[in-house]
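Chemist: For reference, the structure I am asking about is given below.
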Amino acid sequence: MASPSASPYKISVLTGVAIVVANMVGTGVFTSLGFQVATIQSGFALLMLWVVGGVIALCGALCYGELAAAMPRSGGEYHYLSRIYHPALGFLSGWVSATVGFAAPTAAAALALERYAGSVWPALPPRVLAVAVVVVLTAVHASSRKAGSRLQVVVTAVKVVVLVGFIGAGLWLAQPQPLAFLPQGSADWQLLLSPAFAVSLIFVSYAYSGWNAAAYLTGEVQNPQRNLPRILLTGTALVLVLYVGLNFIFLYSTPIAQLEGQVEVGFVAATSLFGAAGGRLMGGLIAALLVSTVSSMVFAGPRIVQAMGEDVPALRWLAQRSAADVPVRATLFQGGLTLLFVLVSSFSQVVVYAGFILNLFTFLTVLGLFVLRLREPELPRPYRAWGYPVTPLVFLLLNGWTLWFIARDKPTETLYGLGTLVAGLLVYWLSQRRPVRA
């Protein structure tokens, strides 16, 4: 096994921002709006969903920036929760991230890629493209961190350019719909406190998930105490602007009736803007853009499994790295789990199953910022969360509100999520009772 110094290559700020952007801009923004317009018809409230979701993500990024600078090690929530609360809670977050958090959304992105590609190539056999993309990207990221980093920057740059071009074309070509994007009275403001808004925020939160992706790679980032907060904030702010712009164009250019209940809203909006041929072209482009989403998750996720392997003797075999300092076994493990989800799951199942459990661990992590400041006030903090304590409180209040609505309105999916935690606790208990020598 190679030592960490065997490879001098470190992830730059640009690559880190690319990983955050690619993790966030994926299935959620291209699929969520069709579900939201079924219960919300106000243009103002629909755009505010994406603004509020972005504020939650920005507040979370500020908090994670402080935690990452104070505890610079790869692993994300796994590392933070182990240090702040107890190794068992850290293990559970790693268990969830390794199963639900990365493998399942990676599969969802691959499945969405396949659906969009199907608008261009209707004869495409089911699951073939999704499986092929996962296999190829797993092979690339398992071979070289440097090659994976360069691939990530290129595909993410293409993604941003295409989306900005789509927004610009929409502003230029769209026939404006009769929809008000400024509040028209108290009813619009009251919508922001309605159950429909809270439930829709679940889908928006899923679309914004990934803002913390670079935290999983802390130990591989150049000067993480200084650069990681910049990566998290820059990537999240860029995505907020893209999301609000994209959804404005979707609503500005396409009648709500055509969007309602549709999964491929990007394809529907592009068809409205450019005609049938243009819609098929945009469907193909979105499919290509989703390659970067799959790539970023294949890149970031194995670092959690690797960190768990370093700490839990029974999982030590997953911590081994190649001569190029890549966690090959962890990467292959996540790739195999992703393929399983591709073959047996659907996008909608992933969203409702993963939403509660992922939000729960980000909630506990941000809460840990208060715990760590009280318990270890002298701990060196090269970066302190801007706006503390307001920003973490905003995150906790909004995220907690969403969690409550998920638990109330989606009890079955919530129980499945809690069942995943019980399974993780069992694995942790067994790993502690029967340690394996390295």
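As shown in the structure tokens, the chain order sets the letters A, B, ...; within each chain, residues go from 1, and ligands are also counted from 1 in the order they appear.
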When you look at Glu114 (chain A) with a cut-off of 10 Å (counting only C-alpha atoms), what residues show up, excluding the ones that are within fewer than 4 positions of it in the same chain? I need them as a list in words.

Modeler: Ala108, Ala109, Ala110, Gly118, Ser119, Trp121, Leu124, Pro125, Pro126, Arg127, Val128, Leu129, Ala130, Val131, Val133, Gly284, Ala287, Ala288 and Leu290 of chain A

Chemist: Using only C-alpha atoms, determine which residues lie at most 7 Å from Phe356 (chain A), disregarding the query and same-chain residues fewer than 6 positions distant; provide the list as a PyMOL selection string.

Modeler: chain A and resi 403+406+414+417

Chemist: Would you mind exporting C-alpha atoms of the selected residues as a short mmCIF file (atom, residue, chain, number, x, y, z; two decimals), in the first residue's frame?

Modeler:
```cif
data_model
loop_
_atom_site.label_atom_id
_atom_site.label_comp_id
_atom_site.auth_asym_id
_atom_site.auth_seq_id
_atom_site.Cartn_x
_atom_site.Cartn_y
_atom_site.Cartn_z
CA LEU A 403 -37.49 16.96 8.39
CA ILE A 406 -41.04 14.41 5.69
CA THR A 414 -39.06 7.66 6.93
CA GLY A 417 -34.60 5.39 6.40
#
```

Chemist: Taking 3 positions as the minimum chain separation for residues in the same chain, which residues sit within 10 Å of Met48 (chain A) when counting only C-alpha atoms? Answer as a PDB file with N, CA, C and O atoms, in the first residue's frame.

Modeler:
```pdb
ATOM      1  N   SER A  42     -48.072  29.625  -8.081  1.00  0.00           N
ATOM      2  CA  SER A  42     -47.546  30.987  -7.993  1.00  0.00           C
ATOM      3  C   SER A  42     -46.097  31.022  -8.483  1.00  0.00           C
ATOM      4  O   SER A  42     -45.234  30.297  -7.952  1.00  0.00           O
ATOM      5  N   GLY A  43     -45.820  31.856  -9.488  1.00  0.00           N
ATOM      6  CA  GLY A  43     -44.452  31.996  -9.977  1.00  0.00           C
ATOM      7  C   GLY A  43     -43.512  32.484  -8.894  1.00  0.00           C
ATOM      8  O   GLY A  43     -42.365  32.034  -8.782  1.00  0.00           O
ATOM      9  N   PHE A  44     -43.991  33.406  -8.062  1.00  0.00           N
ATOM     10  CA  PHE A  44     -43.177  33.926  -6.955  1.00  0.00           C
ATOM     11  C   PHE A  44     -42.818  32.810  -5.978  1.00  0.00           C
ATOM     12  O   PHE A  44     -41.643  32.642  -5.619  1.00  0.00           O
ATOM     13  N   ALA A  45     -43.806  32.016  -5.544  1.00  0.00           N
ATOM     14  CA  ALA A  45     -43.543  30.948  -4.585  1.00  0.00           C
ATOM     15  C   ALA A  45     -42.640  29.867  -5.179  1.00  0.00           C
ATOM     16  O   ALA A  45     -41.777  29.320  -4.477  1.00  0.00           O
ATOM     17  N   VAL A  51     -34.776  29.805  -4.023  1.00  0.00           N
ATOM     18  CA  VAL A  51     -34.007  30.772  -3.234  1.00  0.00           C
ATOM     19  C   VAL A  51     -33.832  30.261  -1.806  1.00  0.00           C
ATOM     20  O   VAL A  51     -32.726  30.274  -1.255  1.00  0.00           O
ATOM     21  N   VAL A  52     -34.925  29.794  -1.193  1.00  0.00           N
ATOM     22  CA  VAL A  52     -34.852  29.276   0.178  1.00  0.00           C
ATOM     23  C   VAL A  52     -33.933  28.055   0.242  1.00  0.00           C
ATOM     24  O   VAL A  52     -33.098  27.935   1.148  1.00  0.00           O
ATOM     25  N   GLY A  53     -34.062  27.154  -0.731  1.00  0.00           N
ATOM     26  CA  GLY A  53     -33.171  25.998  -0.767  1.00  0.00           C
ATOM     27  C   GLY A  53     -31.715  26.411  -0.877  1.00  0.00           C
ATOM     28  O   GLY A  53     -30.831  25.816  -0.242  1.00  0.00           O
ATOM     29  N   GLY A  54     -31.451  27.459  -1.662  1.00  0.00           N
ATOM     30  CA  GLY A  54     -30.090  27.961  -1.795  1.00  0.00           C
ATOM     31  C   GLY A  54     -29.577  28.598  -0.518  1.00  0.00           C
ATOM     32  O   GLY A  54     -28.399  28.447  -0.167  1.00  0.00           O
ATOM     33  N   PHE A 181     -43.807  36.789 -11.151  1.00  0.00           N
ATOM     34  CA  PHE A 181     -42.662  36.352 -10.358  1.00  0.00           C
ATOM     35  C   PHE A 181     -42.386  37.272  -9.173  1.00  0.00           C
ATOM     36  O   PHE A 181     -41.443  37.046  -8.419  1.00  0.00           O
ATOM     37  N   LEU A 182     -43.183  38.304  -9.009  1.00  0.00           N
ATOM     38  CA  LEU A 182     -43.142  39.154  -7.825  1.00  0.00           C
ATOM     39  C   LEU A 182     -44.415  38.914  -7.030  1.00  0.00           C
ATOM     40  O   LEU A 182     -45.462  38.585  -7.602  1.00  0.00           O
ATOM     41  N   TRP A 189     -47.382  35.335  -0.097  1.00  0.00           N
ATOM     42  CA  TRP A 189     -46.511  35.197   1.067  1.00  0.00           C
ATOM     43  C   TRP A 189     -46.961  34.038   1.955  1.00  0.00           C
ATOM     44  O   TRP A 189     -46.129  33.319   2.526  1.00  0.00           O
ATOM     45  N   LEU A 192     -45.652  30.544   1.297  1.00  0.00           N
ATOM     46  CA  LEU A 192     -44.316  30.175   1.767  1.00  0.00           C
ATOM     47  C   LEU A 192     -44.362  29.426   3.099  1.00  0.00           C
ATOM     48  O   LEU A 192     -43.364  28.807   3.488  1.00  0.00           O
ATOM     49  N   PHE A 197     -45.588  24.047   0.238  1.00  0.00           N
ATOM     50  CA  PHE A 197     -44.259  24.635   0.081  1.00  0.00           C
ATOM     51  C   PHE A 197     -43.215  23.777   0.790  1.00  0.00           C
ATOM     52  O   PHE A 197     -42.140  23.503   0.247  1.00  0.00           O
ATOM     53  N   LEU A 201     -40.169  21.670  -0.826  1.00  0.00           N
ATOM     54  CA  LEU A 201     -38.801  21.975  -0.411  1.00  0.00           C
ATOM     55  C   LEU A 201     -37.979  20.705  -0.229  1.00  0.00           C
ATOM     56  O   LEU A 201     -36.748  20.739  -0.310  1.00  0.00           O
ATOM     57  N   VAL A 244     -31.843  29.263  -9.777  1.00  0.00           N
ATOM     58  CA  VAL A 244     -32.899  30.269  -9.889  1.00  0.00           C
ATOM     59  C   VAL A 244     -33.082  30.675 -11.350  1.00  0.00           C
ATOM     60  O   VAL A 244     -34.206  30.800 -11.846  1.00  0.00           O
TER      61      VAL A 244
END
```

Chemist: Quick one: everything within 12 Å of Leu415 (chain A), counting only C-alpha atoms, minus sequence neighbours fewer than 4 positions away in the same chain. Send it as a PyMOL selection string.

Modeler: chain A and resi 352-354+356-357+406-411+419-422

Chemist: So which residues of region 295-434 of chain A fall under helix (DSSP H, G or I) by DSSP, listed as a ChimeraX atom specification?

Modeler: /A:295-300,302-311,313-319,328-344,347-375,390-409,411-433

Chemist: Within 12 Å of Leu81 (chain A), counting only C-alpha atoms, which residues show up once you throw out same-chain ones fewer than 6 positions away? Write them as a VMD selection string, please.

Modeler: chain A and resid 64 67 to 68 71 75 87 to 94 361 to 369 371 to 372

Chemist: Give me the residues near region 271-282 of chain A as a list in words, where near means some atom within 8 Å (using only C-alpha atoms) and where sequence neighbours in that chain fewer than 3 positions away do not count.

Modeler: Ser119, Val120, Gly170, Leu173, Ala174, Ser253, Thr254, Gly266, Phe267, Val268, Leu285 and Ile286 of chain A

Chemist: Output the selection as a tab-separated table (two decimals), in the first residue's frame - N, CA, C and O atoms for each residue.

Modeler:
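The resulting again.tsv:
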```
chain	number	residue	atom	x	y	z
A	119	SER	N	-34.69	10.52	-25.21
A	119	SER	CA	-35.41	11.48	-26.05
A	119	SER	C	-34.70	11.68	-27.38
A	119	SER	O	-35.30	12.14	-28.36
A	120	VAL	N	-33.41	11.32	-27.43
A	120	VAL	CA	-32.63	11.43	-28.67
A	120	VAL	C	-32.55	10.08	-29.38
A	120	VAL	O	-32.67	10.00	-30.60
A	170	GLY	N	-33.14	31.33	-23.49
A	170	GLY	CA	-34.50	31.43	-23.00
A	170	GLY	C	-34.96	32.87	-22.85
A	170	GLY	O	-36.10	33.22	-23.21
A	173	LEU	N	-35.47	34.13	-26.59
A	173	LEU	CA	-36.43	33.50	-27.50
A	173	LEU	C	-37.81	33.23	-26.90
A	173	LEU	O	-38.78	33.04	-27.64
A	174	ALA	N	-37.93	33.19	-25.58
A	174	ALA	CA	-39.17	32.72	-24.96
A	174	ALA	C	-40.34	33.66	-25.22
A	174	ALA	O	-40.18	34.88	-25.28
A	253	SER	N	-40.91	30.31	-20.02
A	253	SER	CA	-41.02	29.90	-21.43
A	253	SER	C	-42.09	28.85	-21.69
A	253	SER	O	-42.49	28.65	-22.83
A	254	THR	N	-42.56	28.15	-20.64
A	254	THR	CA	-43.40	26.97	-20.84
A	254	THR	C	-44.66	27.05	-19.99
A	254	THR	O	-44.57	27.34	-18.79
A	266	GLY	N	-36.54	19.73	-18.34
A	266	GLY	CA	-35.59	20.39	-19.24
A	266	GLY	C	-35.93	20.12	-20.69
A	266	GLY	O	-35.87	21.01	-21.54
A	267	PHE	N	-36.29	18.88	-20.98
A	267	PHE	CA	-36.68	18.51	-22.34
A	267	PHE	C	-37.97	19.21	-22.75
A	267	PHE	O	-38.09	19.72	-23.86
A	268	VAL	N	-38.95	19.28	-21.84
A	268	VAL	CA	-40.23	19.94	-22.13
A	268	VAL	C	-40.01	21.42	-22.40
A	268	VAL	O	-40.55	21.99	-23.37
A	285	LEU	N	-28.03	16.98	-24.69
A	285	LEU	CA	-27.05	17.77	-23.95
A	285	LEU	C	-27.19	17.57	-22.45
A	285	LEU	O	-26.19	17.45	-21.73
A	286	ILE	N	-28.43	17.54	-21.95
A	286	ILE	CA	-28.63	17.32	-20.52
A	286	ILE	C	-28.12	15.95	-20.12
A	286	ILE	O	-27.51	15.78	-19.06
```
